[in-house]
Amino acid sequence: MKLFAVRHLPTEWNREGLLQGIRDLPVSDRLDDETKRRMGALKKRLESMQFDLVLTSALSRARETGRLLGFAPALEPLLNELDFGPFEGRPKKELVAASGEAWLTDPLATPIGEFYRQLESRIRDFAHGYRDSGTVLAFTHGSWIRAAVALAESGSLGTMNSREIQNLDLVELFLDDLAVSN
């Protein structure tokens, strides 16, 4: 399966540098000029492409992004963001400080609400469930995309936190090798 994953538009918590996780926050009603420009360019690019299936996380910020970009995506909870547990609503730097070196080198050791293995299982279940779906467009979240990229590149989540995925980034992935259930 070829997947084009889009990270949702920014929320107010994104602007404040706070972790959202599974908190169901809407897209910010204050989109700056740069975000509007990027949104227009992404919409134009997506309109020039063909997708066999369009999906979205169940969280409103991803659903709204899909709608604002001109799509009516089907809900897929496997695309939901990582649950950051006690760190939700707190600055990302607090999670990074609490995790130490493990944040970058061993995210599986990072203490949060959802174990990273659960996120990995969701991504693998997604790849398995949609393996015959052709080209898929998905509106999802930063941690989900970072984890999927790491799995596609190395089969491990080890490098997922060493990359940045910005709001409205479009990432192309081939998930065929992940479609084998563990």
# chains A, B, ... in the order shown; residues from 1 in each chain; ligands from 1
$ residues_around --residues "A:Pro86" --least-positions-apart "2" --cutoff "10 Å" --atoms "only C-alpha atoms" --output "ChimeraX atom specification"
/A:19,83-84,88-90,95,111-113
$ residues_around --residues "A:Val136" --least-positions-apart "3" --cutoff "8 Å" --atoms "only C-alpha atoms" --output "PyMOL selection string"
chain A and resi 1-4+51-55+133
$ select_by_dssp --residues "stretch 13-126 of chain A" --states "alpha helix (DSSP H)" --output "MDAnalysis selection string"
chainID A and resid 13:16 33:47 60:68 92:99 102:105 116:126
$ select_by_dssp --residues "stretch 15-169 of chain A" --states "strand (DSSP E or B)" --output "list of chain:residue names"
A:Leu18, A:Leu53, A:Val54, A:Leu55, A:Thr56, A:Ala74, A:Leu75, A:Pro91, A:Thr135, A:Val136, A:Leu137, A:Ala138, A:Phe139, A:Thr140
$ write_last_selection --atoms "all heavy atoms" --output "mmCIF file, in the first residue's frame"
data_model
loop_
_atom_site.group_PDB
_atom_site.id
_atom_site.type_symbol
_atom_site.label_atom_id
_atom_site.label_comp_id
_atom_site.auth_asym_id
_atom_site.auth_seq_id
_atom_site.Cartn_x
_atom_site.Cartn_y
_atom_site.Cartn_z
ATOM 1 N N LEU A 18 2.216 22.509 23.576
ATOM 2 C CA LEU A 18 1.686 21.530 24.529
ATOM 3 C C LEU A 18 1.348 20.223 23.827
ATOM 4 O O LEU A 18 0.875 20.220 22.687
ATOM 5 C CB LEU A 18 0.424 22.081 25.204
ATOM 6 C CG LEU A 18 0.579 23.422 25.919
ATOM 7 C CD1 LEU A 18 -0.766 23.896 26.462
ATOM 8 C CD2 LEU A 18 1.623 23.336 27.024
ATOM 9 N N LEU A 53 -8.613 5.566 -1.535
ATOM 10 C CA LEU A 53 -9.292 5.621 -0.246
ATOM 11 C C LEU A 53 -8.767 6.827 0.519
ATOM 12 O O LEU A 53 -7.562 7.114 0.488
ATOM 13 C CB LEU A 53 -8.984 4.330 0.534
ATOM 14 C CG LEU A 53 -9.659 4.107 1.869
ATOM 15 C CD1 LEU A 53 -11.184 4.047 1.713
ATOM 16 C CD2 LEU A 53 -9.152 2.798 2.483
ATOM 17 N N VAL A 54 -9.672 7.529 1.213
ATOM 18 C CA VAL A 54 -9.286 8.669 2.047
ATOM 19 C C VAL A 54 -9.819 8.406 3.453
ATOM 20 O O VAL A 54 -11.008 8.177 3.646
ATOM 21 C CB VAL A 54 -9.832 10.002 1.496
ATOM 22 C CG1 VAL A 54 -9.398 11.170 2.376
ATOM 23 C CG2 VAL A 54 -9.373 10.218 0.053
ATOM 24 N N LEU A 55 -8.898 8.454 4.426
ATOM 25 C CA LEU A 55 -9.224 8.129 5.812
ATOM 26 C C LEU A 55 -8.778 9.254 6.738
ATOM 27 O O LEU A 55 -7.928 10.064 6.377
ATOM 28 C CB LEU A 55 -8.510 6.841 6.231
ATOM 29 C CG LEU A 55 -8.826 5.596 5.417
ATOM 30 C CD1 LEU A 55 -7.849 4.478 5.761
ATOM 31 C CD2 LEU A 55 -10.264 5.157 5.677
ATOM 32 N N THR A 56 -9.331 9.248 7.941
ATOM 33 C CA THR A 56 -8.916 10.210 8.955
ATOM 34 C C THR A 56 -8.953 9.580 10.331
ATOM 35 O O THR A 56 -9.750 8.687 10.596
ATOM 36 C CB THR A 56 -9.807 11.467 8.955
ATOM 37 O OG1 THR A 56 -9.299 12.408 9.916
ATOM 38 C CG2 THR A 56 -11.240 11.156 9.300
ATOM 39 N N ALA A 74 -13.257 8.848 5.564
ATOM 40 C CA ALA A 74 -13.877 7.890 6.467
ATOM 41 C C ALA A 74 -13.057 7.821 7.754
ATOM 42 O O ALA A 74 -11.835 7.977 7.731
ATOM 43 C CB ALA A 74 -13.938 6.512 5.806
ATOM 44 N N LEU A 75 -13.738 7.596 8.878
ATOM 45 C CA LEU A 75 -13.063 7.516 10.167
ATOM 46 C C LEU A 75 -12.282 6.220 10.304
ATOM 47 O O LEU A 75 -12.797 5.142 9.985
ATOM 48 C CB LEU A 75 -14.068 7.593 11.312
ATOM 49 C CG LEU A 75 -14.749 8.929 11.560
ATOM 50 C CD1 LEU A 75 -15.686 8.812 12.747
ATOM 51 C CD2 LEU A 75 -13.735 10.026 11.789
ATOM 52 N N PRO A 91 3.961 20.971 28.396
ATOM 53 C CA PRO A 91 4.940 21.221 27.336
ATOM 54 C C PRO A 91 5.699 19.946 26.957
ATOM 55 O O PRO A 91 6.063 19.145 27.823
ATOM 56 C CB PRO A 91 5.891 22.251 27.955
ATOM 57 C CG PRO A 91 5.105 22.894 29.050
ATOM 58 C CD PRO A 91 4.195 21.823 29.572
ATOM 59 N N THR A 135 -3.717 3.298 -3.264
ATOM 60 C CA THR A 135 -3.147 4.551 -2.764
ATOM 61 C C THR A 135 -4.112 5.174 -1.766
ATOM 62 O O THR A 135 -5.264 5.469 -2.102
ATOM 63 C CB THR A 135 -2.877 5.522 -3.933
ATOM 64 O OG1 THR A 135 -1.982 4.874 -4.854
ATOM 65 C CG2 THR A 135 -2.240 6.806 -3.442
ATOM 66 N N VAL A 136 -3.621 5.375 -0.545
ATOM 67 C CA VAL A 136 -4.454 5.851 0.560
ATOM 68 C C VAL A 136 -3.962 7.224 1.014
ATOM 69 O O VAL A 136 -2.754 7.444 1.164
ATOM 70 C CB VAL A 136 -4.406 4.850 1.741
ATOM 71 C CG1 VAL A 136 -5.200 5.372 2.930
ATOM 72 C CG2 VAL A 136 -4.911 3.475 1.313
ATOM 73 N N LEU A 137 -4.902 8.127 1.233
ATOM 74 C CA LEU A 137 -4.622 9.424 1.847
ATOM 75 C C LEU A 137 -5.160 9.357 3.266
ATOM 76 O O LEU A 137 -6.314 8.964 3.480
ATOM 77 C CB LEU A 137 -5.312 10.549 1.069
ATOM 78 C CG LEU A 137 -5.232 11.950 1.684
ATOM 79 C CD1 LEU A 137 -3.785 12.439 1.795
ATOM 80 C CD2 LEU A 137 -6.075 12.932 0.872
ATOM 81 N N ALA A 138 -4.322 9.721 4.238
ATOM 82 C CA ALA A 138 -4.736 9.676 5.642
ATOM 83 C C ALA A 138 -4.421 10.992 6.337
ATOM 84 O O ALA A 138 -3.300 11.505 6.226
ATOM 85 C CB ALA A 138 -4.035 8.532 6.358
ATOM 86 N N PHE A 139 -5.401 11.508 7.057
ATOM 87 C CA PHE A 139 -5.217 12.694 7.887
ATOM 88 C C PHE A 139 -4.999 12.201 9.304
ATOM 89 O O PHE A 139 -5.868 11.549 9.885
ATOM 90 C CB PHE A 139 -6.438 13.623 7.772
ATOM 91 C CG PHE A 139 -6.614 14.141 6.383
ATOM 92 C CD1 PHE A 139 -7.491 13.533 5.504
ATOM 93 C CD2 PHE A 139 -5.862 15.218 5.935
ATOM 94 C CE1 PHE A 139 -7.636 13.989 4.202
ATOM 95 C CE2 PHE A 139 -5.997 15.684 4.630
ATOM 96 C CZ PHE A 139 -6.886 15.072 3.767
ATOM 97 N N THR A 140 -3.812 12.482 9.849
ATOM 98 C CA THR A 140 -3.424 11.873 11.110
ATOM 99 C C THR A 140 -2.559 12.829 11.929
ATOM 100 O O THR A 140 -2.732 14.042 11.837
ATOM 101 C CB THR A 140 -2.772 10.484 10.843
ATOM 102 O OG1 THR A 140 -2.515 9.833 12.077
ATOM 103 C CG2 THR A 140 -1.535 10.574 9.994
#
$ closest_atom_pairs --of "stretch 52-163 of chain A" --to "stretch 25-39 of chain A" --cutoff "9 Å" --atoms "only C-alpha atoms" --output "tab-separated table"
residue	atom	partner	partner_atom	distance
A:Leu59	CA	A:Leu25	CA	7.5
A:Ser60	CA	A:Pro26	CA	5.6
A:Arg61	CA	A:Pro26	CA	4.8
A:Ala62	CA	A:Val27	CA	8.2
A:Glu64	CA	A:Val27	CA	6.8
A:Thr65	CA	A:Val27	CA	7.5
A:Leu68	CA	A:Met39	CA	8.8
A:Leu69	CA	A:Met39	CA	7.4
$ atom_distance --atom1 "atom CA of A:Arg7" --atom2 "atom CA of A:Ser57"
10.3 Å
$ closest_residue --among "A:Leu178, A:Leu78, A:Leu170, A:Ala102" --to "A:Leu119" --atoms "only C-alpha atoms"
A:Leu78
$ closest_residue --among "A:Arg15, A:Ala58, A:Gly21, A:Phe174" --to "A:Pro73" --atoms "only C-alpha atoms"
A:Ala58
$ decode --residues "stretch 36-52 of chain A" --atoms "C-alpha atoms" --output "PDB file, in the first residue's frame"
ATOM      1  CA  LYS A  36      -3.028  29.475   5.002  1.00  0.00           C
ATOM      2  CA  ARG A  37      -0.399  29.561   2.244  1.00  0.00           C
ATOM      3  CA  ARG A  38       0.779  26.031   3.079  1.00  0.00           C
ATOM      4  CA  MET A  39      -2.825  24.824   3.247  1.00  0.00           C
ATOM      5  CA  GLY A  40      -3.548  26.269  -0.214  1.00  0.00           C
ATOM      6  CA  ALA A  41      -0.432  24.677  -1.704  1.00  0.00           C
ATOM      7  CA  LEU A  42      -1.231  21.309  -0.099  1.00  0.00           C
ATOM      8  CA  LYS A  43      -4.846  21.442  -1.286  1.00  0.00           C
ATOM      9  CA  LYS A  44      -3.684  22.138  -4.845  1.00  0.00           C
ATOM     10  CA  ARG A  45      -1.179  19.280  -4.686  1.00  0.00           C
ATOM     11  CA  LEU A  46      -3.725  16.814  -3.278  1.00  0.00           C
ATOM     12  CA  GLU A  47      -6.280  17.806  -5.930  1.00  0.00           C
ATOM     13  CA  SER A  48      -3.768  16.793  -8.598  1.00  0.00           C
ATOM     14  CA  MET A  49      -3.413  13.304  -7.114  1.00  0.00           C
ATOM     15  CA  GLN A  50      -5.681  10.263  -7.165  1.00  0.00           C
ATOM     16  CA  PHE A  51      -6.510   8.218  -4.094  1.00  0.00           C
ATOM     17  CA  ASP A  52      -8.318   4.918  -3.832  1.00  0.00           C
TER      18      ASP A  52
END
